[in-house]
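Text of the file query.pdb, holding PDB, C-alpha atoms:
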MODEL        1
ATOM      1  CA  MET A   1      18.644  90.918  40.735
ATOM      2  CA  ASN A   2      17.124  88.352  43.055
ATOM      3  CA  THR A   3      14.013  86.214  42.742
ATOM      4  CA  ASP A   4      11.748  88.593  44.657
ATOM      5  CA  GLU A   5      12.733  91.466  42.385
ATOM      6  CA  VAL A   6      12.164  89.370  39.274
ATOM      7  CA  ILE A   7       8.758  88.059  40.367
ATOM      8  CA  ALA A   8       7.446  91.415  41.653
ATOM      9  CA  GLY A   9       4.164  92.283  39.941
ATOM     10  CA  ILE A  10       3.806  88.839  38.316
ATOM     11  CA  ASP A  11       0.541  86.977  38.979
ATOM     12  CA  LEU A  12       0.709  83.231  38.305
ATOM     13  CA  THR A  13      -2.708  82.386  39.722
ATOM     14  CA  GLY A  14      -4.129  79.454  37.791
ATOM     15  CA  ARG A  15      -0.724  78.363  36.433
ATOM     16  CA  VAL A  16       0.830  75.008  37.273
ATOM     17  CA  ALA A  17       4.607  74.655  37.474
ATOM     18  CA  LEU A  18       6.885  71.643  37.890
ATOM     19  CA  VAL A  19      10.390  72.266  39.254
ATOM     20  CA  THR A  20      13.046  69.533  39.425
ATOM     21  CA  GLY A  21      15.751  69.341  42.065
ATOM     22  CA  THR A  22      13.802  70.971  44.869
ATOM     23  CA  THR A  23      15.400  69.623  48.042
ATOM     24  CA  GLY A  24      17.404  72.833  48.442
ATOM     25  CA  GLY A  25      19.442  75.418  46.592
ATOM     26  CA  LEU A  26      18.192  76.944  43.362
ATOM     27  CA  GLY A  27      15.308  74.503  42.906
ATOM     28  CA  ALA A  28      13.811  75.204  46.320
ATOM     29  CA  GLU A  29      14.190  78.944  45.813
ATOM     30  CA  THR A  30      12.653  78.788  42.332
ATOM     31  CA  ALA A  31       9.693  76.820  43.680
ATOM     32  CA  ARG A  32       9.246  79.302  46.528
ATOM     33  CA  ALA A  33       9.225  82.287  44.166
ATOM     34  CA  LEU A  34       6.702  80.720  41.785
ATOM     35  CA  ALA A  35       4.422  79.707  44.663
ATOM     36  CA  ALA A  36       4.665  83.208  46.129
ATOM     37  CA  ALA A  37       3.336  84.570  42.830
ATOM     38  CA  GLY A  38       0.305  82.272  43.014
ATOM     39  CA  ALA A  39       1.352  79.262  40.933
ATOM     40  CA  THR A  40       0.482  75.723  41.913
ATOM     41  CA  VAL A  41       3.931  74.157  42.203
ATOM     42  CA  LEU A  42       4.925  70.507  41.986
ATOM     43  CA  LEU A  43       8.288  69.881  43.630
ATOM     44  CA  ALA A  44      10.054  66.988  41.898
ATOM     45  CA  ALA A  45      12.935  65.284  43.667
ATOM     46  CA  ARG A  46      14.553  61.923  44.315
ATOM     47  CA  ASN A  47      14.453  62.567  48.064
ATOM     48  CA  THR A  48      10.736  63.157  48.523
ATOM     49  CA  ALA A  49      11.045  63.584  52.290
ATOM     50  CA  ALA A  50      13.467  66.479  51.857
ATOM     51  CA  ALA A  51      11.268  67.995  49.145
ATOM     52  CA  GLY A  52       8.320  67.621  51.513
ATOM     53  CA  THR A  53      10.169  69.672  54.099
ATOM     54  CA  VAL A  54      10.717  72.397  51.506
ATOM     55  CA  ALA A  55       7.038  72.258  50.551
ATOM     56  CA  ALA A  56       6.015  72.585  54.198
ATOM     57  CA  GLY A  57       8.253  75.623  54.550
ATOM     58  CA  ILE A  58       6.607  77.241  51.535
ATOM     59  CA  ARG A  59       3.135  76.587  52.990
ATOM     60  CA  THR A  60       4.180  78.069  56.310
ATOM     61  CA  ARG A  61       5.463  81.210  54.650
ATOM     62  CA  PHE A  62       2.587  81.444  52.164
ATOM     63  CA  PRO A  63      -0.504  79.804  53.708
ATOM     64  CA  ARG A  64      -2.489  80.077  50.484
ATOM     65  CA  ALA A  65       0.186  78.366  48.406
ATOM     66  CA  THR A  66      -0.643  75.089  46.687
ATOM     67  CA  VAL A  67       2.416  72.864  46.581
ATOM     68  CA  ASP A  68       2.890  69.119  46.263
ATOM     69  CA  VAL A  69       5.749  66.644  45.852
ATOM     70  CA  VAL A  70       6.478  64.250  42.982
ATOM     71  CA  GLY A  71       9.113  61.528  43.176
ATOM     72  CA  LEU A  72      11.686  61.807  40.401
ATOM     73  CA  ASP A  73      15.098  60.211  39.901
ATOM     74  CA  LEU A  74      16.525  61.605  36.670
ATOM     75  CA  SER A  75      19.181  58.890  36.588
ATOM     76  CA  ASP A  76      16.483  56.213  36.177
ATOM     77  CA  LEU A  77      14.225  56.385  33.119
ATOM     78  CA  GLY A  78      11.676  54.164  34.853
ATOM     79  CA  SER A  79      11.369  56.797  37.575
ATOM     80  CA  VAL A  80      11.112  59.549  34.958
ATOM     81  CA  ARG A  81       8.261  57.752  33.181
ATOM     82  CA  ALA A  82       6.478  57.218  36.500
ATOM     83  CA  ALA A  83       6.852  60.925  37.282
ATOM     84  CA  VAL A  84       5.397  61.847  33.899
ATOM     85  CA  ARG A  85       2.355  59.696  34.651
ATOM     86  CA  ALA A  86       1.992  61.183  38.130
ATOM     87  CA  VAL A  87       2.180  64.750  36.824
ATOM     88  CA  ALA A  88      -0.333  64.003  34.059
ATOM     89  CA  GLU A  89      -2.778  62.698  36.659
ATOM     90  CA  ARG A  90      -2.367  65.659  39.021
ATOM     91  CA  ALA A  91      -2.015  68.382  36.397
ATOM     92  CA  PRO A  92      -3.323  67.497  32.919
ATOM     93  CA  ALA A  93      -2.570  71.099  31.934
ATOM     94  CA  LEU A  94       0.982  72.206  32.760
ATOM     95  CA  HIS A  95       2.234  75.742  32.185
ATOM     96  CA  LEU A  96       5.821  75.856  33.444
ATOM     97  CA  LEU A  97       8.536  73.208  33.532
ATOM     98  CA  ILE A  98      11.797  74.171  35.223
ATOM     99  CA  ASN A  99      14.517  71.596  34.526
ATOM    100  CA  ASN A 100      16.762  72.607  37.396
ATOM    101  CA  ALA A 101      18.209  69.393  38.846
ATOM    102  CA  GLY A 102      21.599  67.998  37.951
ATOM    103  CA  VAL A 103      24.916  66.516  39.003
ATOM    104  CA  MET A 104      28.353  68.039  38.509
ATOM    105  CA  TYR A 105      31.905  66.718  38.140
ATOM    106  CA  THR A 106      31.019  63.242  39.336
ATOM    107  CA  PRO A 107      33.415  60.276  39.237
ATOM    108  CA  PHE A 108      32.917  58.012  36.240
ATOM    109  CA  GLY A 109      29.734  56.027  36.630
ATOM    110  CA  HIS A 110      26.503  55.052  34.941
ATOM    111  CA  THR A 111      22.805  55.681  35.369
ATOM    112  CA  ALA A 112      20.345  52.870  35.984
ATOM    113  CA  ASP A 113      19.966  52.547  32.213
ATOM    114  CA  GLY A 114      23.685  52.401  31.480
ATOM    115  CA  PHE A 115      24.373  55.972  30.363
ATOM    116  CA  GLU A 116      27.350  57.989  31.605
ATOM    117  CA  SER A 117      26.142  59.639  34.791
ATOM    118  CA  GLN A 118      26.348  63.340  33.926
ATOM    119  CA  PHE A 119      25.064  63.038  30.344
ATOM    120  CA  GLY A 120      22.419  60.539  31.425
ATOM    121  CA  THR A 121      21.151  62.616  34.355
ATOM    122  CA  ASN A 122      21.600  66.215  33.231
ATOM    123  CA  HIS A 123      20.477  65.721  29.640
ATOM    124  CA  LEU A 124      18.738  62.408  28.993
ATOM    125  CA  GLY A 125      16.753  62.446  32.239
ATOM    126  CA  HIS A 126      15.442  65.916  31.555
ATOM    127  CA  PHE A 127      14.928  65.116  27.863
ATOM    128  CA  ALA A 128      12.731  62.149  28.795
ATOM    129  CA  LEU A 129      10.835  64.251  31.329
ATOM    130  CA  THR A 130      10.332  67.141  28.926
ATOM    131  CA  THR A 131       9.214  65.067  25.954
ATOM    132  CA  GLY A 132       6.900  63.060  28.192
ATOM    133  CA  LEU A 133       5.254  66.243  29.452
ATOM    134  CA  LEU A 134       4.798  67.891  26.050
ATOM    135  CA  PRO A 135       1.082  66.957  25.842
ATOM    136  CA  GLY A 136       0.450  68.588  29.220
ATOM    137  CA  LEU A 137       2.440  71.684  28.287
ATOM    138  CA  SER A 138       0.507  71.995  25.038
ATOM    139  CA  ALA A 139      -2.777  71.589  26.926
ATOM    140  CA  GLY A 140      -1.676  74.323  29.340
ATOM    141  CA  ALA A 141      -1.100  76.694  26.451
ATOM    142  CA  ASP A 142      -4.426  75.818  24.842
ATOM    143  CA  ARG A 143      -6.401  76.396  28.045
ATOM    144  CA  SER A 144      -4.658  79.581  29.128
ATOM    145  CA  GLY A 145      -4.095  81.187  25.753
ATOM    146  CA  VAL A 146      -0.487  81.849  26.842
ATOM    147  CA  ALA A 147       2.513  79.846  25.682
ATOM    148  CA  SER A 148       3.810  77.319  28.195
ATOM    149  CA  ARG A 149       7.506  77.580  29.028
ATOM    150  CA  VAL A 150      10.280  75.055  29.522
ATOM    151  CA  VAL A 151      13.326  76.458  31.321
ATOM    152  CA  THR A 152      16.445  74.287  31.448
ATOM    153  CA  VAL A 153      19.360  75.200  33.688
ATOM    154  CA  SER A 154      22.602  74.969  31.723
ATOM    155  CA  SER A 155      25.957  76.516  32.660
ATOM    156  CA  ALA A 156      28.714  78.699  31.267
ATOM    157  CA  ALA A 157      30.720  75.446  31.382
ATOM    158  CA  HIS A 158      29.068  74.604  28.074
ATOM    159  CA  HIS A 159      31.345  77.086  26.315
ATOM    160  CA  ALA A 160      34.394  74.855  26.822
ATOM    161  CA  TYR A 161      32.972  71.521  25.685
ATOM    162  CA  PRO A 162      30.639  70.657  22.812
ATOM    163  CA  ALA A 163      28.416  67.592  22.948
ATOM    164  CA  ASP A 164      30.112  64.562  21.384
ATOM    165  CA  LEU A 165      27.257  62.876  19.556
ATOM    166  CA  ASP A 166      29.515  60.024  18.429
ATOM    167  CA  ASP A 167      30.571  59.077  21.970
ATOM    168  CA  PRO A 168      28.344  60.842  24.517
ATOM    169  CA  ASN A 169      28.810  58.088  27.104
ATOM    170  CA  PHE A 170      32.638  58.005  27.033
ATOM    171  CA  GLU A 171      32.737  54.470  25.710
ATOM    172  CA  ARG A 172      35.700  55.134  23.387
ATOM    173  CA  ARG A 173      37.404  58.171  24.936
ATOM    174  CA  GLU A 174      38.992  58.639  28.305
ATOM    175  CA  TYR A 175      36.580  59.985  30.897
ATOM    176  CA  ASP A 176      37.027  63.625  31.904
ATOM    177  CA  LYS A 177      34.602  64.909  34.527
ATOM    178  CA  PHE A 178      34.894  68.478  33.231
ATOM    179  CA  ALA A 179      34.305  67.469  29.612
ATOM    180  CA  SER A 180      31.376  65.307  30.689
ATOM    181  CA  TYR A 181      29.717  68.096  32.630
ATOM    182  CA  GLY A 182      30.393  70.633  29.880
ATOM    183  CA  GLN A 183      28.910  68.442  27.158
ATOM    184  CA  SER A 184      25.821  67.775  29.280
ATOM    185  CA  LYS A 185      25.344  71.537  29.637
ATOM    186  CA  SER A 186      25.838  72.014  25.882
ATOM    187  CA  ALA A 187      23.189  69.329  25.428
ATOM    188  CA  ASN A 188      20.832  71.357  27.645
ATOM    189  CA  VAL A 189      21.191  74.341  25.310
ATOM    190  CA  LEU A 190      20.844  72.195  22.181
ATOM    191  CA  MET A 191      17.653  70.638  23.550
ATOM    192  CA  THR A 192      16.307  74.132  24.162
ATOM    193  CA  VAL A 193      17.063  75.193  20.585
ATOM    194  CA  GLU A 194      15.306  72.177  19.092
ATOM    195  CA  LEU A 195      12.385  72.337  21.542
ATOM    196  CA  ALA A 196      11.805  75.974  20.580
ATOM    197  CA  ALA A 197      11.554  74.890  16.937
ATOM    198  CA  ARG A 198       9.358  71.869  17.583
ATOM    199  CA  GLY A 199       7.167  73.582  20.163
ATOM    200  CA  ALA A 200       6.402  76.726  18.195
ATOM    201  CA  ASP A 201       3.172  75.371  16.725
ATOM    202  CA  ARG A 202       2.168  73.721  20.015
ATOM    203  CA  GLY A 203       2.295  76.846  22.164
ATOM    204  CA  ILE A 204       5.522  75.859  23.920
ATOM    205  CA  HIS A 205       8.493  78.197  24.376
ATOM    206  CA  ALA A 206      11.906  77.100  25.631
ATOM    207  CA  TYR A 207      14.803  78.863  27.342
ATOM    208  CA  ALA A 208      18.224  77.800  28.636
ATOM    209  CA  VAL A 209      19.739  79.501  31.658
ATOM    210  CA  HIS A 210      23.186  80.043  33.150
ATOM    211  CA  PRO A 211      22.479  80.813  36.821
ATOM    212  CA  GLY A 212      25.976  82.013  37.676
ATOM    213  CA  VAL A 213      28.408  80.703  40.253
ATOM    214  CA  CYS A 214      26.701  79.880  43.543
ATOM    215  CA  ALA A 215      27.638  77.755  46.555
ATOM    216  CA  THR A 216      25.176  74.847  46.682
ATOM    217  CA  ASP A 217      25.262  71.094  47.289
ATOM    218  CA  LEU A 218      25.896  70.644  43.561
ATOM    219  CA  SER A 219      29.630  70.941  44.281
ATOM    220  CA  ARG A 220      29.667  68.020  46.734
ATOM    221  CA  HIS A 221      31.813  65.849  44.427
ATOM    222  CA  MET A 222      34.514  68.490  43.970
ATOM    223  CA  SER A 223      37.995  68.310  45.476
ATOM    224  CA  ARG A 224      40.350  71.238  45.995
ATOM    225  CA  ALA A 225      42.048  70.298  42.742
ATOM    226  CA  ASP A 226      38.682  70.379  40.978
ATOM    227  CA  PHE A 227      37.976  73.885  42.282
ATOM    228  CA  ALA A 228      41.394  74.983  41.036
ATOM    229  CA  GLU A 229      40.674  73.492  37.604
ATOM    230  CA  MET A 230      37.275  75.187  37.488
ATOM    231  CA  ARG A 231      38.876  78.548  38.323
ATOM    232  CA  GLU A 232      41.372  77.992  35.513
ATOM    233  CA  LEU A 233      38.589  77.180  33.076
ATOM    234  CA  THR A 234      36.619  80.291  34.001
ATOM    235  CA  THR A 235      39.759  82.420  33.757
ATOM    236  CA  ARG A 236      40.271  81.192  30.186
ATOM    237  CA  ASN A 237      36.609  81.740  29.393
ATOM    238  CA  PRO A 238      35.548  85.405  29.324
ATOM    239  CA  SER A 239      31.879  84.393  29.116
ATOM    240  CA  ALA A 240      31.942  82.714  32.524
ATOM    241  CA  VAL A 241      30.684  84.516  35.595
ATOM    242  CA  THR A 242      33.166  84.272  38.464
ATOM    243  CA  THR A 243      31.440  86.455  41.068
ATOM    244  CA  LEU A 244      29.757  84.269  43.679
ATOM    245  CA  LYS A 245      26.002  84.811  43.832
ATOM    246  CA  SER A 246      23.549  84.207  46.635
ATOM    247  CA  ILE A 247      20.933  81.516  46.023
ATOM    248  CA  PRO A 248      18.123  84.079  45.373
ATOM    249  CA  GLU A 249      20.402  85.862  42.902
ATOM    250  CA  ALA A 250      21.407  82.643  41.140
ATOM    251  CA  ALA A 251      17.787  81.440  40.869
ATOM    252  CA  ALA A 252      16.597  84.792  39.529
ATOM    253  CA  THR A 253      17.413  84.066  35.879
ATOM    254  CA  SER A 254      15.365  80.839  35.941
ATOM    255  CA  VAL A 255      12.409  82.676  37.463
ATOM    256  CA  LEU A 256      12.721  85.452  34.905
ATOM    257  CA  ALA A 257      12.895  82.938  32.043
ATOM    258  CA  ALA A 258       9.731  81.308  33.354
ATOM    259  CA  THR A 259       7.706  84.481  33.825
ATOM    260  CA  ALA A 260       8.991  87.621  32.075
ATOM    261  CA  PRO A 261       6.482  88.847  29.444
ATOM    262  CA  GLY A 262       9.250  90.402  27.359
ATOM    263  CA  LEU A 263      10.740  87.017  26.489
ATOM    264  CA  THR A 264       7.864  85.800  24.357
ATOM    265  CA  ALA A 265       9.724  86.754  21.179
ATOM    266  CA  HIS A 266      12.927  85.009  22.288
ATOM    267  CA  SER A 267      12.021  81.323  22.474
ATOM    268  CA  GLY A 268      15.184  79.258  22.178
ATOM    269  CA  ALA A 269      17.327  81.899  23.873
ATOM    270  CA  TYR A 270      20.153  81.387  26.355
ATOM    271  CA  LEU A 271      19.933  83.681  29.384
ATOM    272  CA  ALA A 272      22.454  84.808  31.981
ATOM    273  CA  ASP A 273      22.294  87.544  34.635
ATOM    274  CA  CYS A 274      18.569  88.023  33.933
ATOM    275  CA  ALA A 275      19.136  88.950  30.287
ATOM    276  CA  VAL A 276      19.395  87.277  26.900
ATOM    277  CA  ALA A 277      23.014  86.202  26.441
ATOM    278  CA  GLN A 278      25.113  84.453  23.811
ATOM    279  CA  ALA A 279      25.651  80.705  23.947
ATOM    280  CA  SER A 280      28.495  79.106  22.036
ATOM    281  CA  PRO A 281      27.925  78.238  18.367
ATOM    282  CA  HIS A 282      28.422  74.524  19.050
ATOM    283  CA  ALA A 283      25.427  74.655  21.416
ATOM    284  CA  THR A 284      23.106  76.627  19.151
ATOM    285  CA  ASP A 285      23.668  75.020  15.737
ATOM    286  CA  PRO A 286      20.220  73.920  14.503
ATOM    287  CA  ALA A 287      21.539  70.828  12.701
ATOM    288  CA  THR A 288      23.382  69.628  15.804
ATOM    289  CA  ALA A 289      20.314  70.350  17.937
ATOM    290  CA  ALA A 290      18.125  68.250  15.631
ATOM    291  CA  ALA A 291      20.691  65.437  15.567
ATOM    292  CA  LEU A 292      20.949  65.367  19.371
ATOM    293  CA  TRP A 293      17.159  65.266  19.670
ATOM    294  CA  GLU A 294      16.959  62.260  17.334
ATOM    295  CA  LEU A 295      19.829  60.519  19.147
ATOM    296  CA  SER A 296      18.223  61.167  22.533
ATOM    297  CA  ASP A 297      14.904  59.808  21.296
ATOM    298  CA  ARG A 298      16.629  56.574  20.302
ATOM    299  CA  LEU A 299      18.606  56.303  23.532
ATOM    300  CA  ILE A 300      15.605  56.680  25.852
ATOM    301  CA  ALA A 301      13.287  54.412  23.853
ATOM    302  CA  PRO A 302      12.175  51.435  25.956
ATOM    303  CA  ALA A 303      13.849  48.173  25.005
ATOM    304  CA  SER A 304      11.618  46.064  22.796
TER     305      SER A 304
ENDMDL
END
structure tokens encoding of this file:
Amino acid sequence: MNTDEVIAGIDLTGRVALVTGTTGGLGAETARALAAAGATVLLAARNTAAAGTVAAGIRTRFPRATVDVVGLDLSDLGSVRAAVRAVAERAPALHLLINNAGVMYTPFGHTADGFESQFGTNHLGHFALTTGLLPGLSAGADRSGVASRVVTVSSAAHHAYPADLDDPNFERREYDKFASYGQSKSANVLMTVELAARGADRGIHAYAVHPGVCATDLSRHMSRADFAEMRELTTRNPSAVTTLKSIPEAAATSVLAATAPGLTAHSGAYLADCAVAQASPHATDPATAAALWELSDRLIAPAS
């Protein structure tokens, strides 16, 4: 399925959505689909000029669409906190949060706050954004009478690598770009599991998504050797999807997770190919999910 097929018949008039990573690829396509269905969409990105170009394209295609841009650098918690404040001012009631942005297989490095780049950006940045926006998401549910949804893009790469809660920043183990990416994607699923539990009485549902394999700028750090290693990993992993998808096909599962009425009973689920799928046990264990949440809370707390 593609995004147009998934969104057909869905009316999001009156709903407000925030999508991260919207300068191109899956984020831009997700934002386009939600705006086409009538949602007010905030496009969050580090490169606000590029996101503005995407927003202009959406307005040209859908003249009645309401879209705006929010600056957001997930590798800088100061930027994340500023984005939370900006979103709260523009949209006190938020209905959809699509945590789409991320980095993949990067060389060893650190975020502005000293966290390993992939864990710090893919998980901690989105964790700080999500927890900061919980009041707005709860207000959206209260005002609409419909549960707000948080959709976090994970990956089948999570199957190969659990999150190491004792050394998430590779301070004591040798850095491995594949292990780092995989643990950050496991962390995305674990956050979803715990958010589903914590959000149940606040009108907030959560879903994790594997979009499938798609050619986007996310692979910009990969060498030929990295592509060969990724193919080997997917060959060893029967849960991985190896068929290359188009961008509308890869974004479809995120759009479905954000809008499909039939998912209301499946908060906390992991989705792939526009259906509920099975994540690995290490990424769905409730005790691990709770422990990661508490660890993440401590890590992102402002220095006293």
- prompt: Contacts of Glu294 (chain A) at 12 Å or less, counting all atoms listed in the file, minus same-chain residues fewer than 3 places along, as a count of residues only?
  reply: 18
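CA of Gly52 (chain A) is positioned 18.3 Å from CA of Ala91 (chain A).
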Which residue of A:Arg90, A:Asp164, A:Thr60, A:Leu96 approaches Ala258 (chain A) most closely, using all atoms listed in the file: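 Once distances to Ala258 (chain A) are computed over all atoms listed in the file, the minimum belongs to A:Leu96.
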- request: Using CA of Glu116 (chain A) and CA of Asp176 (chain A) as the two end points, give the distance in Å to one decimal.
  value: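 Calculated distance between CA of Glu116 (chain A) and CA of Asp176 (chain A) is 11.2 Å.
In terms of minimum interatomic distance to Ser267 (chain A), A:Thr192 ranks closest within A:Gln183, A:Thr48, A:Thr192, A:Ser155, counting only C-alpha atoms.
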message: Translate the PyMOL selection byres ((chain A and resi 213) around 6) into a concrete residue list for this structure, as a list in words.
response: Gly212, Cys214, Leu244 and Lys245 of chain A
Pull C-alpha atoms from the residues just selected and write them as a short mmCIF file (atom, residue, chain, number, x, y, z; two decimals), in the coordinates of the input.
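Written output follows (selection_25.cif):
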data_model
loop_
_atom_site.label_atom_id
_atom_site.label_comp_id
_atom_site.auth_asym_id
_atom_site.auth_seq_id
_atom_site.Cartn_x
_atom_site.Cartn_y
_atom_site.Cartn_z
CA GLY A 212 25.98 82.01 37.68
CA CYS A 214 26.70 79.88 43.54
CA LEU A 244 29.76 84.27 43.68
CA LYS A 245 26.00 84.81 43.83
#
message: Quick check on the file I pasted: which residues fall under the PyMOL selection byres ((chain A and resi 75-85) around 12)? Write them as a ChimeraX atom specification.
response: /A:18,20,42-46,69-74,86-92,94,97,101-103,109-137,299-303
- prompt: For Leu26 (chain A), which residue among A:Asn100, A:Thr53, A:Gln278, A:Thr284 is the nearest when counting all atoms listed in the file?
  reply: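 Once distances to Leu26 (chain A) are computed over all atoms listed in the file, the minimum belongs to A:Asn100.
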query: CA of Ile10 (chain A) to CA of Ile247 (chain A): how many Å, to one decimal?
result: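 CA of Ile247 (chain A) lies at a distance of 20.2 Å from CA of Ile10 (chain A).
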- request: Name the closest residue to Ala252 (chain A) among the candidates A:His210, A:Ser138, A:Val41, A:His266; distances are taken between atoms, counting all atoms listed in the file.
  value: A:His210
- prompt: Within 9 Å of Pro162 (chain A), counting all atoms listed in the file, which residues qualify if same-chain residues fewer than 5 places away don't, as number ranges by chain?
  reply: A: 179, 182-187, 280, 282-283
Store the residues picked out above, limited to C-alpha atoms, as a PDB file, in the coordinates of the input.
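Saved as part22.pdb:
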ATOM      1  CA  ALA A 179      34.305  67.469  29.612  1.00  0.00           C
ATOM      2  CA  GLY A 182      30.393  70.633  29.880  1.00  0.00           C
ATOM      3  CA  GLN A 183      28.910  68.442  27.158  1.00  0.00           C
ATOM      4  CA  SER A 184      25.821  67.775  29.280  1.00  0.00           C
ATOM      5  CA  LYS A 185      25.344  71.537  29.637  1.00  0.00           C
ATOM      6  CA  SER A 186      25.838  72.014  25.882  1.00  0.00           C
ATOM      7  CA  ALA A 187      23.189  69.329  25.428  1.00  0.00           C
ATOM      8  CA  SER A 280      28.495  79.106  22.036  1.00  0.00           C
ATOM      9  CA  HIS A 282      28.422  74.524  19.050  1.00  0.00           C
ATOM     10  CA  ALA A 283      25.427  74.655  21.416  1.00  0.00           C
TER      11      ALA A 283
END
message: Can you pull out the residues contacting Gly203 (chain A)? Cut-off 7 Å, using all atoms listed in the file, and skip same-chain residues under 4 positions away; I want them as a ChimeraX atom specification.
response: /A:138,141,147-148,199
Model the absent atoms of region 29-35 of chain A so that all heavy atoms are present, and write the result as a compact mmCIF listing (two decimals), in the frame of the given file.
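Saved as part-v4.txt:
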# COMPACT_ATOMS: atom_id res chain seq x y z
N GLU A 29 14.44 77.51 45.91
CA GLU A 29 14.19 78.94 45.81
C GLU A 29 13.30 79.26 44.62
O GLU A 29 12.40 80.12 44.71
CB GLU A 29 15.51 79.70 45.71
CG GLU A 29 15.38 81.20 45.48
CD GLU A 29 14.66 81.93 46.60
OE1 GLU A 29 14.49 81.37 47.70
OE2 GLU A 29 14.24 83.09 46.37
N THR A 30 13.51 78.59 43.50
CA THR A 30 12.65 78.79 42.33
C THR A 30 11.21 78.40 42.64
O THR A 30 10.27 79.13 42.31
CB THR A 30 13.18 77.97 41.15
OG1 THR A 30 14.50 78.40 40.82
CG2 THR A 30 12.28 78.13 39.93
N ALA A 31 11.04 77.27 43.31
CA ALA A 31 9.69 76.82 43.68
C ALA A 31 9.03 77.82 44.62
O ALA A 31 7.84 78.14 44.48
CB ALA A 31 9.77 75.44 44.33
N ARG A 32 9.79 78.32 45.58
CA ARG A 32 9.25 79.30 46.53
C ARG A 32 8.76 80.55 45.80
O ARG A 32 7.66 81.06 46.06
CB ARG A 32 10.32 79.70 47.55
CG ARG A 32 9.83 80.70 48.60
CD ARG A 32 10.96 81.53 49.17
NE ARG A 32 11.58 82.40 48.18
CZ ARG A 32 11.08 83.57 47.78
NH1 ARG A 32 9.92 84.01 48.25
NH2 ARG A 32 11.72 84.30 46.88
N ALA A 33 9.58 81.06 44.88
CA ALA A 33 9.22 82.29 44.17
C ALA A 33 7.98 82.10 43.32
O ALA A 33 7.10 82.98 43.28
CB ALA A 33 10.40 82.74 43.30
N LEU A 34 7.87 80.97 42.63
CA LEU A 34 6.70 80.72 41.78
C LEU A 34 5.44 80.56 42.63
O LEU A 34 4.37 81.07 42.27
CB LEU A 34 6.93 79.48 40.92
CG LEU A 34 8.08 79.57 39.91
CD1 LEU A 34 8.24 78.24 39.18
CD2 LEU A 34 7.88 80.70 38.92
N ALA A 35 5.57 79.86 43.77
CA ALA A 35 4.42 79.71 44.66
C ALA A 35 4.00 81.04 45.25
O ALA A 35 2.80 81.33 45.41
CB ALA A 35 4.76 78.72 45.78
